[in-house]
Structure formats: structure tokens, C-alpha cells
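So this one's upload_38.tsv, TSV, C-alpha atoms:
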chain	number	residue	atom	x	y	z
A	414	MET	CA	58.00	127.75	-76.19
A	415	THR	CA	55.69	129.34	-73.68
A	416	SER	CA	54.33	132.74	-74.65
A	417	ILE	CA	54.70	135.51	-72.07
A	418	ALA	CA	51.28	136.81	-71.09
A	419	VAL	CA	50.88	140.58	-71.32
A	420	PRO	CA	48.07	142.24	-69.32
A	421	GLU	CA	45.29	143.70	-71.45
A	422	HIS	CA	45.43	147.12	-69.75
A	423	PRO	CA	48.80	147.37	-67.99
A	424	TRP	CA	48.38	151.07	-67.29
A	425	LEU	CA	45.56	150.24	-64.85
A	426	LEU	CA	47.78	147.94	-62.75
A	427	PRO	CA	50.55	148.65	-60.22
A	428	GLY	CA	54.04	148.49	-61.64
A	429	GLU	CA	54.90	145.09	-60.15
A	430	LEU	CA	51.71	143.54	-61.59
A	431	ALA	CA	51.94	145.20	-65.00
A	432	VAL	CA	55.23	143.46	-65.78
A	433	PRO	CA	54.54	140.28	-67.81
A	434	ALA	CA	55.36	137.00	-66.10
A	435	GLY	CA	58.96	136.01	-66.67
A	436	ARG	CA	60.18	139.62	-66.96
A	437	GLU	CA	60.02	140.73	-63.35
A	438	ARG	CA	62.37	143.56	-62.41
A	439	THR	CA	63.63	144.68	-59.02
A	440	HIS	CA	62.34	148.21	-59.59
A	441	PRO	CA	59.46	148.15	-62.09
A	442	ARG	CA	58.59	151.36	-63.87
A	443	ARG	CA	55.62	153.40	-62.76
A	444	THR	CA	52.46	152.81	-64.70
A	445	THR	CA	49.81	155.43	-65.36
A	446	ARG	CA	47.96	154.16	-62.32
A	447	ASP	CA	51.11	154.59	-60.16
A	448	TRP	CA	51.62	158.17	-61.37
A	449	VAL	CA	48.01	159.01	-60.53
A	450	VAL	CA	48.26	157.43	-57.06
A	451	ASP	CA	51.60	159.11	-56.30
A	452	SER	CA	50.31	162.47	-57.45
A	453	LEU	CA	47.20	162.17	-55.27
A	454	ALA	CA	49.31	161.07	-52.30
A	455	PHE	CA	51.62	164.08	-52.78
A	456	LEU	CA	48.74	166.55	-53.14
A	457	VAL	CA	46.86	165.17	-50.10
A	458	SER	CA	50.06	165.27	-48.03
A	459	LEU	CA	50.85	168.82	-49.20
A	460	LEU	CA	47.32	169.94	-48.41
A	461	TRP	CA	47.64	168.38	-44.95
A	462	VAL	CA	50.91	170.23	-44.29
A	463	LEU	CA	49.35	173.55	-45.32
A	464	MET	CA	46.20	172.94	-43.26
A	465	VAL	CA	48.10	171.90	-40.11
A	466	THR	CA	50.56	174.79	-40.38
A	467	GLY	CA	47.86	177.36	-41.05
A	468	ASP	CA	45.68	176.08	-38.24
A	469	ALA	CA	48.62	175.98	-35.80
A	470	LEU	CA	49.50	179.63	-36.59
A	471	SER	CA	45.92	180.82	-36.24
A	472	PRO	CA	44.86	182.53	-32.99
A	473	THR	CA	42.33	179.79	-32.23
A	474	PRO	CA	43.53	176.41	-33.59
A	475	SER	CA	40.71	173.99	-34.26
A	476	PHE	CA	42.48	170.65	-34.70
A	477	ALA	CA	46.26	171.28	-34.80
A	478	ILE	CA	48.16	170.93	-31.56
A	479	PRO	CA	50.11	174.23	-31.28
A	480	LEU	CA	53.81	174.35	-30.41
A	481	PRO	CA	55.33	176.67	-27.80
A	482	HIS	CA	57.12	178.83	-30.40
A	483	ASP	CA	56.24	179.88	-33.93
A	484	TRP	CA	59.65	178.88	-35.25
A	485	MET	CA	58.91	175.32	-34.17
A	486	THR	CA	55.77	175.39	-36.27
A	487	GLY	CA	57.85	176.54	-39.24
A	488	VAL	CA	60.33	173.72	-38.71
A	489	ASP	CA	57.47	171.24	-38.46
A	490	ALA	CA	56.06	172.57	-41.74
A	491	LEU	CA	59.47	172.28	-43.41
A	492	LEU	CA	59.79	168.67	-42.24
A	493	GLY	CA	56.32	167.96	-43.59
A	494	LEU	CA	57.26	169.39	-47.00
A	495	VAL	CA	60.43	167.30	-47.07
A	496	CYS	CA	58.38	164.18	-46.31
A	497	CYS	CA	55.97	165.12	-49.10
A	498	GLY	CA	58.87	165.18	-51.53
A	499	LEU	CA	60.13	161.83	-50.26
A	500	LEU	CA	56.85	160.26	-51.33
A	501	TRP	CA	58.11	160.30	-54.93
A	502	LEU	CA	60.95	157.98	-53.86
A	503	ARG	CA	58.91	155.64	-51.66
A	504	ARG	CA	58.50	152.93	-54.32
A	505	ARG	CA	62.27	152.56	-54.75
A	506	TRP	CA	63.46	152.78	-51.13
A	507	PRO	CA	60.39	152.34	-48.89
A	508	LEU	CA	62.14	150.69	-45.95
A	509	GLY	CA	65.17	152.99	-45.92
A	510	LEU	CA	63.02	156.13	-46.04
A	511	MET	CA	60.76	154.78	-43.31
A	512	VAL	CA	63.68	154.03	-41.01
A	513	ALA	CA	65.17	157.48	-41.65
A	514	THR	CA	61.92	159.36	-40.98
A	515	THR	CA	60.62	157.28	-38.05
A	516	PRO	CA	62.06	159.74	-35.43
A	517	LEU	CA	59.84	162.47	-36.91
A	518	THR	CA	56.74	160.57	-35.77
A	519	MET	CA	57.63	161.46	-32.15
A	520	PHE	CA	56.93	165.19	-32.56
A	521	SER	CA	55.95	166.23	-36.12
A	522	MET	CA	52.27	166.63	-36.82
A	523	ALA	CA	52.71	168.14	-40.29
A	524	ALA	CA	54.52	165.02	-41.46
A	525	ALA	CA	51.87	162.65	-40.09
A	526	ILE	CA	50.02	161.98	-43.40
A	527	PRO	CA	53.12	161.54	-45.64
A	528	LEU	CA	54.71	159.30	-42.99
A	529	LEU	CA	51.50	157.28	-42.79
A	530	ILE	CA	51.53	156.82	-46.57
A	531	LEU	CA	55.20	155.78	-46.39
A	532	TYR	CA	54.36	153.27	-43.65
A	533	PHE	CA	51.57	151.85	-45.81
A	534	THR	CA	54.03	151.42	-48.70
A	535	VAL	CA	56.41	149.45	-46.48
A	536	VAL	CA	53.59	147.14	-45.36
A	537	VAL	CA	52.57	146.48	-48.98
A	538	HIS	CA	56.04	145.93	-50.45
A	539	ARG	CA	58.01	144.31	-47.63
A	540	ARG	CA	57.73	141.10	-45.62
A	541	THR	CA	55.20	140.82	-42.82
A	542	ALA	CA	57.94	140.53	-40.20
A	543	VAL	CA	59.37	143.90	-41.29
A	544	ALA	CA	55.92	145.51	-41.22
A	545	VAL	CA	55.17	144.17	-37.74
A	546	ALA	CA	58.55	145.37	-36.44
A	547	LEU	CA	57.94	148.89	-37.81
A	548	THR	CA	54.46	148.82	-36.30
A	549	GLY	CA	55.94	148.07	-32.89
A	550	VAL	CA	58.38	150.98	-33.25
A	551	GLY	CA	55.51	153.18	-34.37
A	552	LEU	CA	53.48	152.33	-31.29
A	553	VAL	CA	56.37	153.47	-29.09
A	554	THR	CA	56.82	156.74	-31.01
A	555	ASN	CA	53.06	157.26	-30.80
A	556	LEU	CA	53.26	157.20	-27.01
A	557	VAL	CA	56.12	159.69	-27.14
A	558	PHE	CA	54.15	161.98	-29.50
A	559	SER	CA	51.11	161.94	-27.23
A	560	TRP	CA	53.38	162.93	-24.33
A	561	LEU	CA	55.38	165.66	-26.14
A	562	ARG	CA	52.35	167.19	-27.86
A	563	PRO	CA	49.34	166.50	-25.65
A	564	ASP	CA	45.89	167.37	-26.91
A	565	PRO	CA	44.32	169.91	-24.53
A	566	THR	CA	40.81	168.54	-25.27
A	567	MET	CA	41.57	164.82	-24.73
A	568	PRO	CA	43.33	162.80	-22.05
A	569	TYR	CA	46.72	161.25	-22.79
A	570	TRP	CA	45.54	157.65	-23.08
A	571	ALA	CA	42.70	158.61	-25.42
A	572	THR	CA	45.11	160.35	-27.78
A	573	ALA	CA	47.52	157.42	-27.65
A	574	SER	CA	44.68	154.96	-28.28
A	575	TRP	CA	43.65	156.80	-31.43
A	576	GLY	CA	47.21	156.50	-32.69
A	577	VAL	CA	47.22	152.75	-31.98
A	578	VAL	CA	43.90	152.27	-33.79
A	579	LEU	CA	45.15	154.21	-36.82
A	580	SER	CA	48.40	152.23	-36.95
A	581	PHE	CA	46.63	148.87	-36.84
A	582	ALA	CA	44.09	150.01	-39.43
A	583	VAL	CA	46.85	150.97	-41.87
A	584	LEU	CA	48.67	147.69	-41.11
A	585	ALA	CA	45.57	145.62	-41.83
A	586	TRP	CA	44.81	147.53	-45.02
A	587	GLY	CA	48.37	147.20	-46.27
A	588	MET	CA	48.53	143.46	-45.51
A	589	PHE	CA	45.24	142.97	-47.34
A	590	VAL	CA	46.58	144.77	-50.43
A	591	ARG	CA	49.83	142.77	-50.24
A	592	ALA	CA	47.97	139.46	-49.92
A	593	ARG	CA	45.73	140.34	-52.86
A	594	ARG	CA	48.71	141.20	-55.06
A	595	GLN	CA	50.49	138.01	-54.05
A	596	LEU	CA	47.37	136.05	-54.95
A	597	ILE	CA	47.24	137.70	-58.37
A	598	VAL	CA	50.92	136.95	-58.97
A	599	SER	CA	50.43	133.36	-57.81
A	600	LEU	CA	47.42	132.85	-60.09
A	601	ARG	CA	49.29	134.33	-63.02
A	602	GLU	CA	52.32	132.10	-62.40
A	603	ARG	CA	50.01	129.12	-62.05
A	604	ALA	CA	48.34	129.97	-65.35
A	605	GLU	CA	51.72	130.36	-67.03
A	606	ARG	CA	52.89	127.04	-65.56
A	607	ALA	CA	49.68	125.31	-66.62
A	608	GLU	CA	50.09	126.65	-70.16
A	609	ALA	CA	53.72	125.49	-70.26
A	610	GLU	CA	52.76	122.04	-68.95
A	611	GLN	CA	49.94	121.81	-71.48
A	612	GLN	CA	52.33	122.62	-74.31
A	613	LEU	CA	54.77	120.06	-72.93
A	614	ARG	CA	52.05	117.42	-72.79
A	615	VAL	CA	51.06	118.21	-76.38
A	616	ALA	CA	54.68	117.95	-77.50
A	617	GLN	CA	55.10	114.66	-75.64
A	618	ALA	CA	51.88	113.31	-77.12
A	619	ARG	CA	53.07	114.21	-80.60
A	620	HIS	CA	56.43	112.59	-79.95
A	621	LEU	CA	54.82	109.40	-78.66
A	622	GLU	CA	52.43	109.30	-81.60
A	623	ARG	CA	55.24	109.74	-84.09
A	624	THR	CA	57.28	107.08	-82.31
A	625	ARG	CA	54.31	104.72	-82.52
A	626	ILE	CA	53.90	105.46	-86.22
A	627	ALA	CA	57.60	104.96	-86.84
A	628	ARG	CA	57.50	101.62	-85.01
A	629	GLU	CA	54.49	100.48	-87.06
A	630	MET	CA	56.04	101.57	-90.32
A	631	HIS	CA	59.36	99.90	-89.51
A	632	ASP	CA	57.56	96.61	-89.03
A	633	VAL	CA	55.49	97.01	-92.20
A	634	LEU	CA	58.21	98.30	-94.52
A	635	ALA	CA	60.87	95.87	-93.27
A	636	HIS	CA	58.46	93.01	-93.93
A	637	ARG	CA	57.56	94.13	-97.43
A	638	ILE	CA	61.08	95.06	-98.48
A	639	SER	CA	62.46	91.74	-97.24
A	640	LEU	CA	59.86	89.99	-99.42
A	641	LEU	CA	60.94	92.15	-102.36
A	642	SER	CA	64.53	91.15	-101.77
A	643	LEU	CA	63.72	87.43	-101.69
A	644	HIS	CA	61.71	87.52	-104.91
A	645	ALA	CA	64.32	89.65	-106.64
A	646	GLY	CA	67.05	87.27	-105.44
A	647	ALA	CA	65.14	84.31	-106.87
A	648	LEU	CA	64.96	86.03	-110.26
A	649	GLU	CA	68.66	86.87	-110.06
A	650	PHE	CA	69.87	83.36	-109.27
A	651	ARG	CA	67.39	81.53	-111.48
A	652	PRO	CA	67.47	83.29	-114.82
A	653	ASP	CA	66.35	80.05	-116.51
A	654	ALA	CA	63.14	79.80	-114.48
A	655	PRO	CA	59.93	79.15	-116.39
A	656	ALA	CA	58.16	82.19	-117.75
A	657	ASP	CA	55.10	81.69	-115.53
A	658	GLU	CA	57.27	81.64	-112.39
A	659	VAL	CA	59.11	84.77	-113.51
A	660	ALA	CA	55.80	86.49	-114.20
A	661	ARG	CA	54.42	85.43	-110.85
A	662	ALA	CA	57.55	86.68	-109.01
A	663	ALA	CA	57.43	89.95	-110.92
A	664	GLY	CA	53.78	90.37	-109.98
A	665	VAL	CA	54.58	89.79	-106.31
A	666	ILE	CA	57.43	92.31	-106.52
A	667	ARG	CA	55.17	94.87	-108.16
A	668	GLY	CA	52.40	94.36	-105.59
A	669	SER	CA	54.80	94.51	-102.65
A	670	ALA	CA	56.45	97.65	-104.02
A	671	HIS	CA	53.06	99.29	-104.52
A	672	ALA	CA	51.99	98.41	-100.95
A	673	ALA	CA	55.30	99.65	-99.54
A	674	LEU	CA	54.97	102.96	-101.38
A	675	GLN	CA	51.40	103.35	-100.13
A	676	ASP	CA	52.47	102.72	-96.54
A	677	LEU	CA	55.39	105.14	-96.93
A	678	ARG	CA	53.06	107.80	-98.35
A	679	GLU	CA	50.74	107.46	-95.37
A	680	VAL	CA	53.47	107.76	-92.73
A	681	ILE	CA	55.07	110.77	-94.45
A	682	GLY	CA	51.70	112.49	-94.55
A	683	VAL	CA	51.18	111.90	-90.82
A	684	LEU	CA	54.70	112.92	-89.83
A	685	ARG	CA	54.52	116.15	-91.84
A	686	ALA	CA	51.19	117.18	-90.35
A	687	GLU	CA	51.79	120.20	-88.11
A	688	GLY	CA	48.36	120.80	-86.68
A	689	ASP	CA	46.03	118.75	-84.52
A	690	ASN	CA	43.31	118.49	-87.15
A	691	ASP	CA	44.58	115.10	-88.30
A	692	ARG	CA	43.95	113.50	-84.93
A	693	ASP	CA	40.32	112.92	-85.81
A	694	ALA	CA	41.17	111.39	-89.19
A	695	PRO	CA	40.42	107.67	-89.37
A	696	GLU	CA	43.44	105.42	-89.22
A	697	PRO	CA	43.92	102.68	-91.80
A	698	PRO	CA	42.70	99.22	-90.71
A	699	GLN	CA	45.16	97.61	-88.31
A	700	PRO	CA	46.06	93.92	-88.54
A	701	THR	CA	44.71	91.46	-85.99
A	702	LEU	CA	45.34	87.85	-85.10
A	703	ALA	CA	42.95	86.81	-87.88
A	704	ASP	CA	45.41	88.24	-90.43
A	705	LEU	CA	48.20	85.83	-89.42
A	706	PRO	CA	47.35	83.24	-92.14
A	707	ALA	CA	47.76	85.92	-94.85
A	708	LEU	CA	51.10	86.96	-93.34
A	709	ILE	CA	52.29	83.36	-93.30
A	710	ALA	CA	51.12	82.90	-96.88
A	711	GLU	CA	53.16	85.91	-98.02
A	712	SER	CA	56.30	84.44	-96.53
A	713	ARG	CA	55.60	81.01	-98.00
A	714	SER	CA	55.04	82.54	-101.43
A	715	ALA	CA	58.53	84.05	-101.13
A	716	GLY	CA	60.00	80.57	-100.60
A	717	VAL	CA	60.28	80.61	-96.81
A	718	ARG	CA	59.39	77.31	-95.11
A	719	VAL	CA	57.08	78.22	-92.25
A	720	ASN	CA	55.62	75.67	-89.83
A	721	VAL	CA	52.71	77.04	-87.84
A	722	SER	CA	51.24	75.77	-84.58
A	723	ASP	CA	48.07	77.63	-83.60
A	724	SER	CA	46.39	76.54	-80.36
A	725	VAL	CA	44.64	79.73	-79.31
A	726	ALA	CA	41.45	79.16	-77.35
A	727	SER	CA	38.56	81.34	-78.51
A	728	PRO	CA	40.47	83.13	-81.30
A	729	GLY	CA	37.41	85.23	-82.10
A	730	GLU	CA	37.55	86.82	-78.63
A	731	VAL	CA	41.12	88.07	-78.89
A	732	PRO	CA	41.15	91.84	-78.21
A	733	ALA	CA	42.15	93.98	-81.18
A	734	ALA	CA	45.20	95.50	-79.44
A	735	LEU	CA	46.41	92.07	-78.31
A	736	GLY	CA	45.94	90.59	-81.76
A	737	ARG	CA	47.78	93.49	-83.39
A	738	ALA	CA	50.73	93.07	-81.02
A	739	ALA	CA	50.89	89.33	-81.75
A	740	TYR	CA	50.72	90.00	-85.48
A	741	ARG	CA	53.60	92.51	-85.31
A	742	ILE	CA	55.73	90.09	-83.26
A	743	VAL	CA	55.26	87.32	-85.82
A	744	GLN	CA	55.89	89.79	-88.64
A	745	GLU	CA	59.17	90.94	-87.08
A	746	GLY	CA	60.23	87.35	-86.42
A	747	LEU	CA	59.62	86.35	-90.04
A	748	THR	CA	61.40	89.46	-91.30
A	749	ASN	CA	64.45	88.74	-89.16
A	750	ALA	CA	64.49	85.14	-90.35
A	751	ARG	CA	64.43	86.26	-93.99
A	752	LYS	CA	67.20	88.80	-93.30
A	753	HIS	CA	69.61	86.76	-91.21
A	754	ALA	CA	68.73	83.11	-91.89
A	755	ALA	CA	67.71	82.92	-95.54
A	756	GLY	CA	66.71	79.43	-96.51
A	757	ALA	CA	66.19	78.23	-92.92
A	758	ALA	CA	62.87	76.80	-91.82
A	759	VAL	CA	60.85	78.96	-89.42
A	760	THR	CA	58.47	77.76	-86.73
A	761	VAL	CA	55.64	79.95	-85.46
A	762	ASP	CA	53.83	78.93	-82.27
A	763	VAL	CA	50.81	80.86	-81.05
A	764	ALA	CA	48.97	79.63	-77.97
A	765	GLY	CA	46.96	80.87	-75.04
A	766	GLY	CA	43.53	81.91	-73.94
A	767	PRO	CA	41.59	84.34	-71.73
A	768	GLY	CA	43.23	84.60	-68.31
A	769	ALA	CA	46.29	82.56	-69.25
A	770	GLY	CA	47.67	85.12	-71.69
A	771	LEU	CA	48.85	84.82	-75.25
A	772	THR	CA	52.25	83.28	-76.04
A	773	VAL	CA	53.92	83.98	-79.38
A	774	ALA	CA	57.19	82.26	-80.32
A	775	ILE	CA	59.17	82.33	-83.56
A	776	GLY	CA	62.25	80.14	-84.03
A	777	ASN	CA	64.66	79.34	-86.82
A	778	ARG	CA	67.94	77.52	-87.34
A	779	LEU	CA	70.98	79.79	-87.46
A	780	PRO	CA	72.71	79.73	-90.86
A	781	VAL	CA	76.10	78.13	-91.32
A	782	GLY	CA	78.52	80.50	-93.04
A	783	THR	CA	77.52	83.57	-95.01
A	784	PRO	CA	74.33	83.35	-97.06
A	785	VAL	CA	74.67	83.65	-100.81
A	786	GLY	CA	74.20	87.32	-101.73
A	787	GLY	CA	74.86	88.48	-98.16
A	788	THR	CA	72.33	89.48	-95.55
A	789	LEU	CA	69.83	92.27	-95.94
A	790	PRO	CA	70.78	95.55	-94.26
A	791	GLY	CA	68.78	96.59	-91.22
A	792	ALA	CA	68.53	99.48	-88.81
A	793	GLY	CA	68.74	97.22	-85.76
A	794	THR	CA	65.63	98.73	-84.23
A	795	GLY	CA	63.13	96.00	-85.00
A	796	LEU	CA	63.61	94.09	-81.76
A	797	VAL	CA	63.75	97.38	-79.88
A	798	GLY	CA	60.36	98.33	-81.27
A	799	ILE	CA	58.92	94.92	-80.43
A	800	SER	CA	60.31	95.19	-76.91
A	801	GLU	CA	58.63	98.59	-76.49
A	802	ARG	CA	55.38	97.20	-77.84
A	803	VAL	CA	55.42	94.23	-75.47
A	804	THR	CA	56.34	96.43	-72.50
A	805	LEU	CA	53.46	98.82	-73.24
A	806	ALA	CA	51.12	95.83	-73.37
A	807	GLY	CA	52.36	94.66	-69.95
A	808	GLY	CA	53.99	91.51	-71.28
A	809	ARG	CA	57.42	89.88	-71.38
A	810	LEU	CA	59.86	89.40	-74.24
A	811	ALA	CA	62.90	87.15	-74.64
A	812	TYR	CA	65.08	86.56	-77.66
A	813	GLY	CA	68.40	84.93	-78.47
A	814	ARG	CA	69.84	81.44	-78.82
A	815	ASP	CA	68.06	78.63	-76.99
A	816	ASP	CA	69.52	75.39	-75.65
A	817	THR	CA	69.56	73.81	-79.14
A	818	GLY	CA	71.47	76.70	-80.67
A	819	ASP	CA	68.48	77.99	-82.63
A	820	PHE	CA	67.42	81.63	-82.56
A	821	ARG	CA	64.14	82.10	-80.72
A	822	LEU	CA	61.93	85.14	-80.26
A	823	ALA	CA	59.26	84.56	-77.61
A	824	ALA	CA	56.73	86.93	-76.05
A	825	TRP	CA	53.99	86.58	-73.49
A	826	LEU	CA	51.10	89.07	-73.58
A	827	PRO	CA	48.41	89.38	-70.90
A	828	TRP	CA	44.87	88.47	-71.96
A	829	SER	CA	42.34	89.49	-69.38
A	830	THR	CA	39.09	87.63	-69.10
Please, can you express the file's structure as C-alpha cells?
Amino acid sequence: MTSIAVPEHPWLLPGELAVPAGRERTHPRRTTRDWVVDSLAFLVSLLWVLMVTGDALSPTPSFAIPLPHDWMTGVDALLGLVCCGLLWLRRRWPLGLMVATTPLTMFSMAAAIPLLILYFTVVVHRRTAVAVALTGVGLVTNLVFSWLRPDPTMPYWATASWGVVLSFAVLAWGMFVRARRQLIVSLRERAERAEAEQQLRVAQARHLERTRIAREMHDVLAHRISLLSLHAGALEFRPDAPADEVARAAGVIRGSAHAALQDLREVIGVLRAEGDNDRDAPEPPQPTLADLPALIAESRSAGVRVNVSDSVASPGEVPAALGRAAYRIVQEGLTNARKHAAGAAVTVDVAGGPGAGLTVAIGNRLPVGTPVGGTLPGAGTGLVGISERVTLAGGRLAYGRDDTGDFRLAAWLPWST
């Protein structure tokens, strides 16, 4: 499961960035940084209202454009105070407040700074199309303001031009802040996604490794246990066998049981490993094509008649992975023959060379009737595992009855030069 990243110092971030990825809310709570910014915006706006009102009521205004009547100045100041209070709600309803207060930009000078801050909030938190539309409306109201309250020291077009420059400056600044926040959110989501994908890849790698181990152990244990069953069956049905044969069969059973337990101990240790520290541990030696004679000898010692035809060109140059796959195919074929066709002769053909590929075929006569003692139980996954192994090697596999009615397991594996 992917862990949700929490910022190290969330109180230094805006509310929408302080929320951990995966827990976004429509209206995030204010962080300490947001409270500080909102308080400064309110105090600057309040100071502006007081300065504009005081300067407009003075006998010689220095920067405020006076109104014809004092009561109009008071109304303008009241509107400015109301807009200052609305700044505390701008994070929740920026667009609605901006639409409601836009008419004030045509005549109110006291509300200029709080309305400018509200406009900046809309640019940061809403889509670019909305910001551009409000900018266009603001340019129109700016022309109306310059006409209703002309500056006695500047011509009309100069005053209107300053309003246009200020509007575009706030628009550019707000779009920059919005783009930067979107980039941060995008990078955080990308990091979260990369972490999730990495964990998924690790889980998949573990699953594939355990599947590979299970396939290997199925082949090994099925082979050894089938040998145990054959030797035990011989002791069961020949109680009058000579003592040396009984001792030899018992020794084979003991050795096979010991090897099976050792293999089982290894696979349980690997499957129970939780960490990644075992990846660097050396694996036990894997069988190759050179180990086929020993495999055939084991089956022959259990009483299976095995005829081998080996015509591999340059057997010493067989790649290790190719030789291991061929070994496992022969091992599975012999195991199946011992399970389902006890007493039948088995033929093993191995041929091929560099460039032509390696062909492995195992065949046996199908038994007539039910074997004495029944067949050995099986999970039915041996051929499935061999099919997966051959597919991963880029080869082909076919099994079933041939034209003569015998069961045949044949595989072709690529052998590059």
C-alpha cells in the first residue's frame, strides 16, 4: 500500500498544498501561512481605506480623488470596510465575491486595494478562462472609473492606462503563482505515482520469483517423491527379495527422502523471507544438460527402462539456462511416466546444435488398464510449469498422444549461435 506523503512543514505552505496527496478537500483549512497572509491583506486594505478617506476629507488632498459631497466619501469608506471584511471569505467563495463586488470598481477608490487582492485570489484559484474574462470586465470598469472620478493632475487616458497596467500586472503575477502551485502538485502526484509503481514492481518481482521457485521445487520434489514411491512399491510387492536388494532400495529411499527434505527446507526459507536481503544470497547449483546422465541413472535404478538418444552437437557449449530448461523437461517427462505409466519403457531424445535449436522429446507407451497399486497423485501443474518455462525461453511445447497412440512430450528451445 502506498504511503501518503505528508509535507515536512505544512504550516509554511498554502492550504491546498499542505494537504497530503490523496486527501485533497474542496475547501482546505487555513494553515499558519494562510492566516498570516490573510491578516496582512486585511491590515493593508484597512490602512488603505483609512488613508484614502482621511486624505479625501483633508482640505488639500494629495493622492485621493475627492468626491463632490462628504457623504459620498463616507459611503466610499463604508464600502471599503465591507470589502476588507470580505477578504476573510475570499478563499471559500473567490469568484462569487468578485462578481458581487465588481460594480464597486467603477467608482470606489477606498475599495481598490481589497478588490485588487480579491481579483488576485480569483486568478490564483480559478481557471485561466475565468481570470481572463474578469480581466476584460475590469478593463471596462476601469474606463468608467477614470471617467466618473477623473484625476485633476493627469489626463483621462493616462489614468486609464495606469489601471490597465496594474490589472495586467496582477493577472501575470496570479497566473505565475497558479502555474507554480500546479507544478508542485503535479510533481508531488508524479512522485506518489512513481512510488506506487515502484512498490507494484517490487511486488510483481517477488511474485514472479516465488512462482519460479515454486515451479523449480515442483519439478524437483515430484521427481524425488515419485522415485520414493517406486522403491517403496518394490519393497511392498517383493517382500521375499534378497537382503542386499532390500538394503539397496532402503538406502535409495533414505537418500531421496533426505534430498527432498533439503530441497523443501530451502524453498520454505526463501518463501518465508520478507525482506530483500536474501536477493544477494547465492542460489544452490542449478542442473545443466551435463546432469542428464545422472537423472537417467536415478530413474533406471528405480526400475524404469529408459532408452536415451543424445545427438547434441557441441554439448559443452550449451548455455546454462538452455541446459537447465532441457533438464527440467526431461525430469518432468520421466516423473509423469513413473506416475501414469508405471512399468512402461521411456524414450528420451535430445538433439540439436547452435542455430538449429535444441529439441527434447520424451515418449512412453500408455498403460493398459489400471496399474497395480494405482497411480501416484499429482497436482496437475507439472506440464503447466514446463509450458511456462518453454514460453519464457522463447520455444515451443507439444504434448499428448502421437500417431502410434503413445504419449509424447516434445519441446523445441532456441539456441543462438
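Reported to one decimal place, the separation of CA of Gly551 in chain A from CA of Ser580 in chain A is 7.6 Å.
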Can you pull out the residues contacting range 735-750 of chain A? Cut-off 6 Å, using all atoms listed in the file, and skip same-chain residues under 6 positions away; I want them as a compact mmCIF listing (two decimals) with C-alpha atoms, keeping the file's coordinate frame.
# COMPACT_ATOMS: atom_id res chain seq x y z
CA HIS A 636 58.46 93.01 -93.93
CA PRO A 700 46.06 93.92 -88.54
CA THR A 701 44.71 91.46 -85.99
CA LEU A 702 45.34 87.85 -85.10
CA ILE A 775 59.17 82.33 -83.56
Give me the box for range 493-508 of chain A as AutoDock Vina command-line options, namely the centre and edge lengths in Å to one decimal of a box along x, y and z that holds every listed atom plus 3 Å on each side.
--center_x 59.7 --center_y 160.0 --center_z -49.3 --size_x 13.5 --size_y 24.7 --size_z 17.3
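For Val537 in chain A, the list of residues within 7 Å, based on all atoms listed in the file and with local chain neighbours fewer than 6 positions off taken out, reads A:Gly587, A:Met588, A:Val590, A:Arg591.
Residue nearest Ala454 in chain A, chosen from A:Phe533, A:Leu508, A:Ala806, A:Leu470 and counting all atoms listed in the file: A:Phe533.
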Can you list, as a PDB file with C-alpha atoms, in the coordinates of the input, every protein, DNA or RNA residue that comes within 8 Å of Asn555 in chain A when you count only C-alpha atoms, leaving out same-chain residues fewer than 2 positions away?
ATOM      1  CA  THR A 518      56.740 160.570 -35.770  1.00  0.00           C
ATOM      2  CA  MET A 519      57.630 161.460 -32.150  1.00  0.00           C
ATOM      3  CA  GLY A 551      55.510 153.180 -34.370  1.00  0.00           C
ATOM      4  CA  LEU A 552      53.480 152.330 -31.290  1.00  0.00           C
ATOM      5  CA  VAL A 553      56.370 153.470 -29.090  1.00  0.00           C
ATOM      6  CA  VAL A 557      56.120 159.690 -27.140  1.00  0.00           C
ATOM      7  CA  PHE A 558      54.150 161.980 -29.500  1.00  0.00           C
ATOM      8  CA  SER A 559      51.110 161.940 -27.230  1.00  0.00           C
ATOM      9  CA  ALA A 573      47.520 157.420 -27.650  1.00  0.00           C
ATOM     10  CA  GLY A 576      47.210 156.500 -32.690  1.00  0.00           C
ATOM     11  CA  VAL A 577      47.220 152.750 -31.980  1.00  0.00           C
TER      12      VAL A 577
END
Report task. For a cut-off of 12 Å around (63.7, 79.8, -83.8), file coordinates, pick out all residues using all atoms listed in the file and list them as a ChimeraX atom specification. Result -> /A:719-720,743,746-747,749-750,753-754,757-762,773-780,811-823
Report task. Excluding Met464 in chain A and any residue of its chain fewer than 3 positions from it, enumerate the residues within 12 Å of it, using all atoms listed in the file, and give them as an MDAnalysis selection string. Result -> chainID A and resid 457:461 467:471 474:477 490 493 522:524 526
**Report entry** For range 723-729 of chain A: contacts at 8 Å, only C-alpha atoms, fewer than 4 positions along chain excluded, given as a PyMOL selection string
**Finding:** chain A and resi 702-703+762-767+771
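Counting all atoms listed in the file, the residue from A:Ala824, A:Leu805, A:Leu492, A:Leu584 that sits nearest to Leu621 in chain A is A:Leu805.
As for CA of Ala672 in chain A and CA of Leu634 in chain A, they are spaced 8.9 Å apart.
Across the model, the gap from CA of Arg562 in chain A to CA of Pro481 in chain A is 9.9 Å.
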